[in-house]
Amino acid sequence: MVADPYAAVRDRAAITGIGHTEFSKNIGRPERVIALEAIKAALEDAGIAPSEVDGLVKFSLENTFEVEIARNMGIPNIRFFGDVAYGGGAGCAAIGHAAMAIATGAASVVVVWRARNRGSGGRPWASKSNKVGGDLQWWLPWGLTRPVDQIAMLARRHMMEFGSTPEQLGAVAVACREHAQKNPYAMMRGRPMTLDDYTASRFISEPLRLFDCCLESDGALAVVLTTPERASDCKQPPVLVRAASQGMGPDHTVMSNYFTANPLHSPGRFAGDELWRLADMSPGDMDCAQIYDAFTPLVLMSLEEYGFVKHGEGGPFCAEGNLRLGGALPTNTSGGGLSEAYVHGMNLIVEGARQIRGTSVNQVDGCETVFVTSGNGVPTSALVLRKP
């Protein structure tokens with residue numbers, strides 16, 4: 001029997017450094033520059049010199065590359081490098097791949113980063129042609145040109161199946177905006193929002209409104225991982241990677257998984273089954289959650305698919321205030337992609353580390369375990385982080 005490499009990861013790698021730039025609509029600097037800024041900040045946070053780094057893991061969609069990072073940071077050799085595909089689905093998996101490298105001895109200090117000038121850059125769907133092949137032919141010619149259109153279809157299906165309501169989606173947006181008010185880096189700080197504000201906002205792709213959609217942001221973030229032994233000598237308290245998982249599911253179509261027997265059975269369902277098995281834990285063991293929120297319906301669906309509530313109960317759970325600080329599952333405590341910044345979910349991982357360290361601006365009392373997800377709707381990934 002082949003050993004499960006992810007099972008070997010359990011508690012054998014630790015996040016010891018986190019760093020990021022400011023977030024804005026136009027940061028005014030190239031992605032290469034802000035990537036280096038975030039990595040430098042994360043290494044300084046850990047107290048680890050660039051000369052100790054021997055591993056790099058990135059998103060496949062990242063526009064900066066290992067050779068640029070190593071050359072500009074003065075890293076002498078990278079003996080482990082890799083990337084993970086599927087955009088927003090990649091973040092937690094990149095941390096998982098780094099943790100596997102550390103657990104197996106393939107590397108001793110690994111940096112994961114994401115730099116993205118999405119706010120000031122163009123929209124990738126704006127240049128798509130209606131003459132397409134592959135998976136795109138099943139949805140693009142019918143007008144589903146933007147991610148918001150694709151997720152709106154799933155949101156409508158959820159409403160039809162389970163009776164979820166706009167007000168329940170609004171509860172997600174309002175909770176994230178509330179958390180952002182204490183975050184000095186959040187793009188929506190100083191712009192509080194009520195449920196009335198949410199329902200008054202314009203439709204972008206029915207049933208999704210403006211405030212159901214994440215921000216378009218410039219910014220970069222980085223995370224440094226090493227062995228727990230090395231981390232114990234670093235500047236910051238270690239954050240253990242308890243488990244990491246990935247999932248796709250059968251017959252998957254990226255961003256438009258409408259053709260399976262149950263379109264609401266997302267990749268998160270499969271990543272979740274793996275995550276809880278590998279962590280030897282359950283949803284009830286989590287003190288806090290950082291759930292990928294490119295669009296509000298993804299939070300409802302992820303709560304259901306990862307087993308925090310039964311199917312159809314995600315909306316009422318959110319509407320009851322359970323995502324807010326003091327609720328049953330404080331979620332996206334930095335403001336998330338909806339109200340802090342949207343950088344493909346890397347800020348969720350950084351906030352998860354802050355919660356374990358006890359340094360979040362919206363600190364959950366006694367937080368010892370954090371659940372983090374990447375994008376649901378594409379092949380995805382998830383993490384359990386914990387206090388040693």
# chains A, B, ... in the order shown; residues from 1 in each chain; ligands from 1
>>> residues_around(residues="Gly74 of chain A", least_positions_apart="5", cutoff="9 Å", atoms="only C-alpha atoms", output="short mmCIF file (atom, residue, chain, number, x, y, z; two decimals) with C-alpha atoms, in the first residue's frame")
data_model
loop_
_atom_site.label_atom_id
_atom_site.label_comp_id
_atom_site.auth_asym_id
_atom_site.auth_seq_id
_atom_site.Cartn_x
_atom_site.Cartn_y
_atom_site.Cartn_z
CA PRO A 50 16.90 34.69 2.18
CA SER A 51 20.01 32.50 2.06
CA ILE A 69 12.48 35.73 -6.92
#
>>> residues_around(residues="Gly17 of chain A", least_positions_apart="4", cutoff="10 Å", atoms="only C-alpha atoms", output="ChimeraX atom specification")
/A:39-48,111,222-226,231,234-239,350,353
>>> write_last_selection(atoms="C-alpha atoms", output="mmCIF file, in the first residue's frame")
data_model
loop_
_atom_site.group_PDB
_atom_site.id
_atom_site.type_symbol
_atom_site.label_atom_id
_atom_site.label_comp_id
_atom_site.auth_asym_id
_atom_site.auth_seq_id
_atom_site.Cartn_x
_atom_site.Cartn_y
_atom_site.Cartn_z
ATOM 1 C CA ILE A 39 8.396 37.913 0.470
ATOM 2 C CA LYS A 40 10.926 40.216 2.145
ATOM 3 C CA ALA A 41 8.317 41.167 4.765
ATOM 4 C CA ALA A 42 7.441 37.509 5.436
ATOM 5 C CA LEU A 43 11.101 36.496 5.853
ATOM 6 C CA GLU A 44 11.715 39.433 8.175
ATOM 7 C CA ASP A 45 8.604 38.471 10.146
ATOM 8 C CA ALA A 46 10.044 34.972 10.587
ATOM 9 C CA GLY A 47 13.586 36.118 11.227
ATOM 10 C CA ILE A 48 14.880 33.901 8.413
ATOM 11 C CA VAL A 111 8.044 30.438 0.519
ATOM 12 C CA ALA A 222 3.715 35.682 1.152
ATOM 13 C CA VAL A 223 3.963 32.860 3.673
ATOM 14 C CA VAL A 224 7.144 31.207 4.973
ATOM 15 C CA LEU A 225 7.066 27.573 6.118
ATOM 16 C CA THR A 226 9.735 25.469 7.801
ATOM 17 C CA ALA A 231 10.130 27.465 13.670
ATOM 18 C CA CYS A 234 12.031 32.018 14.914
ATOM 19 C CA LYS A 235 10.712 35.448 15.855
ATOM 20 C CA GLN A 236 7.029 34.497 15.757
ATOM 21 C CA PRO A 237 5.102 31.636 17.385
ATOM 22 C CA PRO A 238 4.709 28.722 14.940
ATOM 23 C CA VAL A 239 1.414 27.861 13.264
ATOM 24 C CA VAL A 350 -2.439 34.948 6.319
ATOM 25 C CA ALA A 353 -2.079 32.372 10.803
#
>>> residues_around(residues="Cys176 of chain A", least_positions_apart="4", cutoff="9 Å", atoms="only C-alpha atoms", output="list in words")
Ala171, Val172, Ala180, Leu323, Arg324, Thr331, Asn332, Thr333, Ser334, Gly335, Gly336, Gly337, Leu338, Ser339 and Glu340 of chain A
>>> write_last_selection(atoms="N, CA and C atoms", output="PDB file, in the first residue's frame")
ATOM      1  N   ALA A 171     -26.143  38.558   4.450  1.00  0.00           N
ATOM      2  CA  ALA A 171     -25.561  38.379   5.779  1.00  0.00           C
ATOM      3  C   ALA A 171     -24.071  38.065   5.689  1.00  0.00           C
ATOM      4  N   VAL A 172     -23.662  37.365   4.640  1.00  0.00           N
ATOM      5  CA  VAL A 172     -22.240  37.083   4.424  1.00  0.00           C
ATOM      6  C   VAL A 172     -21.500  38.385   4.149  1.00  0.00           C
ATOM      7  N   ALA A 180     -14.009  44.083   8.408  1.00  0.00           N
ATOM      8  CA  ALA A 180     -13.032  44.951   7.748  1.00  0.00           C
ATOM      9  C   ALA A 180     -12.874  46.295   8.447  1.00  0.00           C
ATOM     10  N   LEU A 323     -21.484  34.061  11.442  1.00  0.00           N
ATOM     11  CA  LEU A 323     -20.186  34.374  10.852  1.00  0.00           C
ATOM     12  C   LEU A 323     -19.501  35.546  11.552  1.00  0.00           C
ATOM     13  N   ARG A 324     -20.224  36.260  12.363  1.00  0.00           N
ATOM     14  CA  ARG A 324     -19.692  37.452  13.013  1.00  0.00           C
ATOM     15  C   ARG A 324     -18.835  37.073  14.214  1.00  0.00           C
ATOM     16  N   THR A 331     -15.997  34.072  10.786  1.00  0.00           N
ATOM     17  CA  THR A 331     -15.518  33.751   9.437  1.00  0.00           C
ATOM     18  C   THR A 331     -15.005  35.002   8.735  1.00  0.00           C
ATOM     19  N   ASN A 332     -13.881  34.833   8.048  1.00  0.00           N
ATOM     20  CA  ASN A 332     -13.269  35.912   7.260  1.00  0.00           C
ATOM     21  C   ASN A 332     -13.064  37.157   8.115  1.00  0.00           C
ATOM     22  N   THR A 333     -12.307  36.955   9.162  1.00  0.00           N
ATOM     23  CA  THR A 333     -12.178  37.960  10.212  1.00  0.00           C
ATOM     24  C   THR A 333     -11.306  39.145   9.822  1.00  0.00           C
ATOM     25  N   SER A 334     -10.662  39.102   8.661  1.00  0.00           N
ATOM     26  CA  SER A 334      -9.956  40.288   8.155  1.00  0.00           C
ATOM     27  C   SER A 334     -10.816  41.078   7.182  1.00  0.00           C
ATOM     28  N   GLY A 335     -11.957  40.524   6.811  1.00  0.00           N
ATOM     29  CA  GLY A 335     -12.816  41.132   5.795  1.00  0.00           C
ATOM     30  C   GLY A 335     -12.893  40.305   4.529  1.00  0.00           C
ATOM     31  N   GLY A 336     -11.935  39.376   4.345  1.00  0.00           N
ATOM     32  CA  GLY A 336     -11.975  38.454   3.216  1.00  0.00           C
ATOM     33  C   GLY A 336     -11.860  39.144   1.868  1.00  0.00           C
ATOM     34  N   GLY A 337     -12.167  38.379   0.833  1.00  0.00           N
ATOM     35  CA  GLY A 337     -12.124  38.913  -0.525  1.00  0.00           C
ATOM     36  C   GLY A 337     -13.207  39.938  -0.775  1.00  0.00           C
ATOM     37  N   LEU A 338     -14.263  39.909   0.013  1.00  0.00           N
ATOM     38  CA  LEU A 338     -15.367  40.844  -0.169  1.00  0.00           C
ATOM     39  C   LEU A 338     -15.060  42.236   0.364  1.00  0.00           C
ATOM     40  N   SER A 339     -14.226  42.325   1.416  1.00  0.00           N
ATOM     41  CA  SER A 339     -14.056  43.624   2.056  1.00  0.00           C
ATOM     42  C   SER A 339     -12.627  43.972   2.456  1.00  0.00           C
ATOM     43  N   GLU A 340     -11.704  43.002   2.481  1.00  0.00           N
ATOM     44  CA  GLU A 340     -10.300  43.357   2.697  1.00  0.00           C
ATOM     45  C   GLU A 340      -9.621  43.549   1.347  1.00  0.00           C
TER      46      GLU A 340
END
>>> residues_around(residues="Ser108 of chain A", least_positions_apart="3", cutoff="7 Å", atoms="only C-alpha atoms", output="list in words")
Asp54, Ile102, Gly105, Thr226 and Thr227 of chain A
>>> write_last_selection(atoms="C-alpha atoms", output="PDB file, in the first residue's frame")
ATOM      1  CA  ASP A  54      15.508  26.418  -0.593  1.00  0.00           C
ATOM      2  CA  ILE A 102       9.291  20.121   4.334  1.00  0.00           C
ATOM      3  CA  GLY A 105      12.996  16.661   3.506  1.00  0.00           C
ATOM      4  CA  THR A 226       9.735  25.469   7.801  1.00  0.00           C
ATOM      5  CA  THR A 227      10.035  22.553  10.208  1.00  0.00           C
TER       6      THR A 227
END
>>> closest_residue(among="A:Ile291, A:Met248, A:Leu215, A:Ala243", to="Ala14 of chain A", atoms="only C-alpha atoms")
A:Ala243
>>> decode(residues="segment 239-284 of chain A", atoms="N, CA and C atoms", output="PDB file, in the first residue's frame")
ATOM      1  N   VAL A 239       2.784  28.269  13.581  1.00  0.00           N
ATOM      2  CA  VAL A 239       1.414  27.861  13.264  1.00  0.00           C
ATOM      3  C   VAL A 239       1.523  26.533  12.521  1.00  0.00           C
ATOM      4  N   LEU A 240       1.087  25.454  13.138  1.00  0.00           N
ATOM      5  CA  LEU A 240       1.248  24.137  12.542  1.00  0.00           C
ATOM      6  C   LEU A 240       0.246  23.904  11.421  1.00  0.00           C
ATOM      7  N   VAL A 241       0.715  23.282  10.342  1.00  0.00           N
ATOM      8  CA  VAL A 241      -0.180  22.805   9.290  1.00  0.00           C
ATOM      9  C   VAL A 241      -0.632  21.410   9.706  1.00  0.00           C
ATOM     10  N   ARG A 242      -1.833  21.358  10.239  1.00  0.00           N
ATOM     11  CA  ARG A 242      -2.373  20.078  10.709  1.00  0.00           C
ATOM     12  C   ARG A 242      -2.700  19.166   9.529  1.00  0.00           C
ATOM     13  N   ALA A 243      -3.347  19.722   8.499  1.00  0.00           N
ATOM     14  CA  ALA A 243      -3.728  18.928   7.328  1.00  0.00           C
ATOM     15  C   ALA A 243      -3.947  19.844   6.146  1.00  0.00           C
ATOM     16  N   ALA A 244      -3.730  19.286   4.962  1.00  0.00           N
ATOM     17  CA  ALA A 244      -4.009  19.980   3.702  1.00  0.00           C
ATOM     18  C   ALA A 244      -4.609  18.973   2.741  1.00  0.00           C
ATOM     19  N   SER A 245      -5.563  19.411   1.945  1.00  0.00           N
ATOM     20  CA  SER A 245      -6.211  18.498   0.999  1.00  0.00           C
ATOM     21  C   SER A 245      -6.528  19.218  -0.294  1.00  0.00           C
ATOM     22  N   GLN A 246      -6.758  18.426  -1.328  1.00  0.00           N
ATOM     23  CA  GLN A 246      -7.262  18.923  -2.604  1.00  0.00           C
ATOM     24  C   GLN A 246      -8.446  18.063  -3.027  1.00  0.00           C
ATOM     25  N   GLY A 247      -9.279  18.600  -3.922  1.00  0.00           N
ATOM     26  CA  GLY A 247     -10.426  17.852  -4.407  1.00  0.00           C
ATOM     27  C   GLY A 247     -10.937  18.407  -5.716  1.00  0.00           C
ATOM     28  N   MET A 248     -11.492  17.504  -6.524  1.00  0.00           N
ATOM     29  CA  MET A 248     -12.037  17.911  -7.819  1.00  0.00           C
ATOM     30  C   MET A 248     -13.424  17.311  -8.035  1.00  0.00           C
ATOM     31  N   GLY A 249     -13.576  16.031  -7.830  1.00  0.00           N
ATOM     32  CA  GLY A 249     -14.847  15.365  -8.076  1.00  0.00           C
ATOM     33  C   GLY A 249     -14.966  14.877  -9.504  1.00  0.00           C
ATOM     34  N   PRO A 250     -15.982  14.063  -9.777  1.00  0.00           N
ATOM     35  CA  PRO A 250     -16.119  13.427 -11.095  1.00  0.00           C
ATOM     36  C   PRO A 250     -16.665  14.374 -12.164  1.00  0.00           C
ATOM     37  N   ASP A 251     -16.191  14.202 -13.388  1.00  0.00           N
ATOM     38  CA  ASP A 251     -16.740  14.914 -14.558  1.00  0.00           C
ATOM     39  C   ASP A 251     -16.807  16.420 -14.347  1.00  0.00           C
ATOM     40  N   HIS A 252     -15.780  16.966 -13.743  1.00  0.00           N
ATOM     41  CA  HIS A 252     -15.838  18.376 -13.365  1.00  0.00           C
ATOM     42  C   HIS A 252     -15.609  19.291 -14.577  1.00  0.00           C
ATOM     43  N   THR A 253     -16.382  20.356 -14.638  1.00  0.00           N
ATOM     44  CA  THR A 253     -16.183  21.430 -15.604  1.00  0.00           C
ATOM     45  C   THR A 253     -15.873  22.698 -14.827  1.00  0.00           C
ATOM     46  N   VAL A 254     -14.728  23.299 -15.089  1.00  0.00           N
ATOM     47  CA  VAL A 254     -14.251  24.420 -14.282  1.00  0.00           C
ATOM     48  C   VAL A 254     -15.198  25.612 -14.383  1.00  0.00           C
ATOM     49  N   MET A 255     -15.626  26.120 -13.229  1.00  0.00           N
ATOM     50  CA  MET A 255     -16.472  27.306 -13.085  1.00  0.00           C
ATOM     51  C   MET A 255     -17.881  27.145 -13.643  1.00  0.00           C
ATOM     52  N   SER A 256     -18.181  26.018 -14.231  1.00  0.00           N
ATOM     53  CA  SER A 256     -19.531  25.836 -14.792  1.00  0.00           C
ATOM     54  C   SER A 256     -19.918  24.371 -14.683  1.00  0.00           C
ATOM     55  N   ASN A 257     -19.876  23.877 -13.462  1.00  0.00           N
ATOM     56  CA  ASN A 257     -20.081  22.453 -13.208  1.00  0.00           C
ATOM     57  C   ASN A 257     -21.583  22.138 -13.139  1.00  0.00           C
ATOM     58  N   TYR A 258     -22.269  22.376 -14.260  1.00  0.00           N
ATOM     59  CA  TYR A 258     -23.724  22.269 -14.273  1.00  0.00           C
ATOM     60  C   TYR A 258     -24.229  20.928 -14.808  1.00  0.00           C
ATOM     61  N   PHE A 259     -23.340  20.088 -15.277  1.00  0.00           N
ATOM     62  CA  PHE A 259     -23.773  18.942 -16.074  1.00  0.00           C
ATOM     63  C   PHE A 259     -23.668  17.620 -15.331  1.00  0.00           C
ATOM     64  N   THR A 260     -23.370  17.672 -14.034  1.00  0.00           N
ATOM     65  CA  THR A 260     -23.316  16.472 -13.221  1.00  0.00           C
ATOM     66  C   THR A 260     -24.699  16.203 -12.624  1.00  0.00           C
ATOM     67  N   ALA A 261     -24.823  15.064 -11.970  1.00  0.00           N
ATOM     68  CA  ALA A 261     -26.125  14.703 -11.386  1.00  0.00           C
ATOM     69  C   ALA A 261     -26.578  15.736 -10.360  1.00  0.00           C
ATOM     70  N   ASN A 262     -25.629  16.299  -9.618  1.00  0.00           N
ATOM     71  CA  ASN A 262     -25.965  17.335  -8.645  1.00  0.00           C
ATOM     72  C   ASN A 262     -24.919  18.444  -8.724  1.00  0.00           C
ATOM     73  N   PRO A 263     -25.205  19.522  -9.437  1.00  0.00           N
ATOM     74  CA  PRO A 263     -24.220  20.600  -9.598  1.00  0.00           C
ATOM     75  C   PRO A 263     -23.783  21.233  -8.287  1.00  0.00           C
ATOM     76  N   LEU A 264     -24.572  21.082  -7.233  1.00  0.00           N
ATOM     77  CA  LEU A 264     -24.223  21.681  -5.953  1.00  0.00           C
ATOM     78  C   LEU A 264     -23.252  20.830  -5.152  1.00  0.00           C
ATOM     79  N   HIS A 265     -22.930  19.636  -5.656  1.00  0.00           N
ATOM     80  CA  HIS A 265     -21.847  18.857  -5.057  1.00  0.00           C
ATOM     81  C   HIS A 265     -20.546  19.344  -5.674  1.00  0.00           C
ATOM     82  N   SER A 266     -19.905  20.232  -4.988  1.00  0.00           N
ATOM     83  CA  SER A 266     -18.759  20.961  -5.522  1.00  0.00           C
ATOM     84  C   SER A 266     -17.452  20.246  -5.184  1.00  0.00           C
ATOM     85  N   PRO A 267     -16.322  20.716  -5.745  1.00  0.00           N
ATOM     86  CA  PRO A 267     -15.022  20.171  -5.350  1.00  0.00           C
ATOM     87  C   PRO A 267     -14.764  20.247  -3.853  1.00  0.00           C
ATOM     88  N   GLY A 268     -15.379  21.235  -3.179  1.00  0.00           N
ATOM     89  CA  GLY A 268     -15.196  21.349  -1.739  1.00  0.00           C
ATOM     90  C   GLY A 268     -15.674  20.119  -0.990  1.00  0.00           C
ATOM     91  N   ARG A 269     -16.679  19.464  -1.505  1.00  0.00           N
ATOM     92  CA  ARG A 269     -17.167  18.246  -0.850  1.00  0.00           C
ATOM     93  C   ARG A 269     -16.070  17.191  -0.800  1.00  0.00           C
ATOM     94  N   PHE A 270     -15.317  17.069  -1.881  1.00  0.00           N
ATOM     95  CA  PHE A 270     -14.284  16.042  -1.972  1.00  0.00           C
ATOM     96  C   PHE A 270     -13.029  16.460  -1.207  1.00  0.00           C
ATOM     97  N   ALA A 271     -12.686  17.747  -1.281  1.00  0.00           N
ATOM     98  CA  ALA A 271     -11.573  18.240  -0.484  1.00  0.00           C
ATOM     99  C   ALA A 271     -11.875  18.124   1.002  1.00  0.00           C
ATOM    100  N   GLY A 272     -13.143  18.341   1.374  1.00  0.00           N
ATOM    101  CA  GLY A 272     -13.534  18.258   2.773  1.00  0.00           C
ATOM    102  C   GLY A 272     -13.431  16.853   3.334  1.00  0.00           C
ATOM    103  N   ASP A 273     -13.896  15.871   2.570  1.00  0.00           N
ATOM    104  CA  ASP A 273     -13.788  14.485   3.035  1.00  0.00           C
ATOM    105  C   ASP A 273     -12.336  14.130   3.334  1.00  0.00           C
ATOM    106  N   GLU A 274     -11.437  14.546   2.438  1.00  0.00           N
ATOM    107  CA  GLU A 274     -10.007  14.284   2.632  1.00  0.00           C
ATOM    108  C   GLU A 274      -9.458  15.059   3.823  1.00  0.00           C
ATOM    109  N   LEU A 275      -9.861  16.311   3.948  1.00  0.00           N
ATOM    110  CA  LEU A 275      -9.296  17.171   4.985  1.00  0.00           C
ATOM    111  C   LEU A 275      -9.563  16.614   6.379  1.00  0.00           C
ATOM    112  N   TRP A 276     -10.821  16.268   6.634  1.00  0.00           N
ATOM    113  CA  TRP A 276     -11.158  15.808   7.988  1.00  0.00           C
ATOM    114  C   TRP A 276     -10.515  14.457   8.287  1.00  0.00           C
ATOM    115  N   ARG A 277     -10.391  13.613   7.274  1.00  0.00           N
ATOM    116  CA  ARG A 277      -9.711  12.322   7.472  1.00  0.00           C
ATOM    117  C   ARG A 277      -8.242  12.548   7.807  1.00  0.00           C
ATOM    118  N   LEU A 278      -7.580  13.421   7.042  1.00  0.00           N
ATOM    119  CA  LEU A 278      -6.153  13.632   7.246  1.00  0.00           C
ATOM    120  C   LEU A 278      -5.865  14.378   8.543  1.00  0.00           C
ATOM    121  N   ALA A 279      -6.758  15.279   8.917  1.00  0.00           N
ATOM    122  CA  ALA A 279      -6.564  16.028  10.161  1.00  0.00           C
ATOM    123  C   ALA A 279      -6.938  15.210  11.381  1.00  0.00           C
ATOM    124  N   ASP A 280      -7.734  14.154  11.195  1.00  0.00           N
ATOM    125  CA  ASP A 280      -8.314  13.390  12.300  1.00  0.00           C
ATOM    126  C   ASP A 280      -9.102  14.339  13.209  1.00  0.00           C
ATOM    127  N   MET A 281      -9.854  15.215  12.545  1.00  0.00           N
ATOM    128  CA  MET A 281     -10.668  16.201  13.234  1.00  0.00           C
ATOM    129  C   MET A 281     -11.989  16.324  12.486  1.00  0.00           C
ATOM    130  N   SER A 282     -12.866  17.178  12.993  1.00  0.00           N
ATOM    131  CA  SER A 282     -14.171  17.383  12.371  1.00  0.00           C
ATOM    132  C   SER A 282     -14.484  18.870  12.341  1.00  0.00           C
ATOM    133  N   PRO A 283     -15.510  19.279  11.578  1.00  0.00           N
ATOM    134  CA  PRO A 283     -15.877  20.695  11.561  1.00  0.00           C
ATOM    135  C   PRO A 283     -16.127  21.274  12.946  1.00  0.00           C
ATOM    136  N   GLY A 284     -16.671  20.465  13.835  1.00  0.00           N
ATOM    137  CA  GLY A 284     -16.962  20.952  15.177  1.00  0.00           C
ATOM    138  C   GLY A 284     -15.736  21.295  16.000  1.00  0.00           C
TER     139      GLY A 284
END
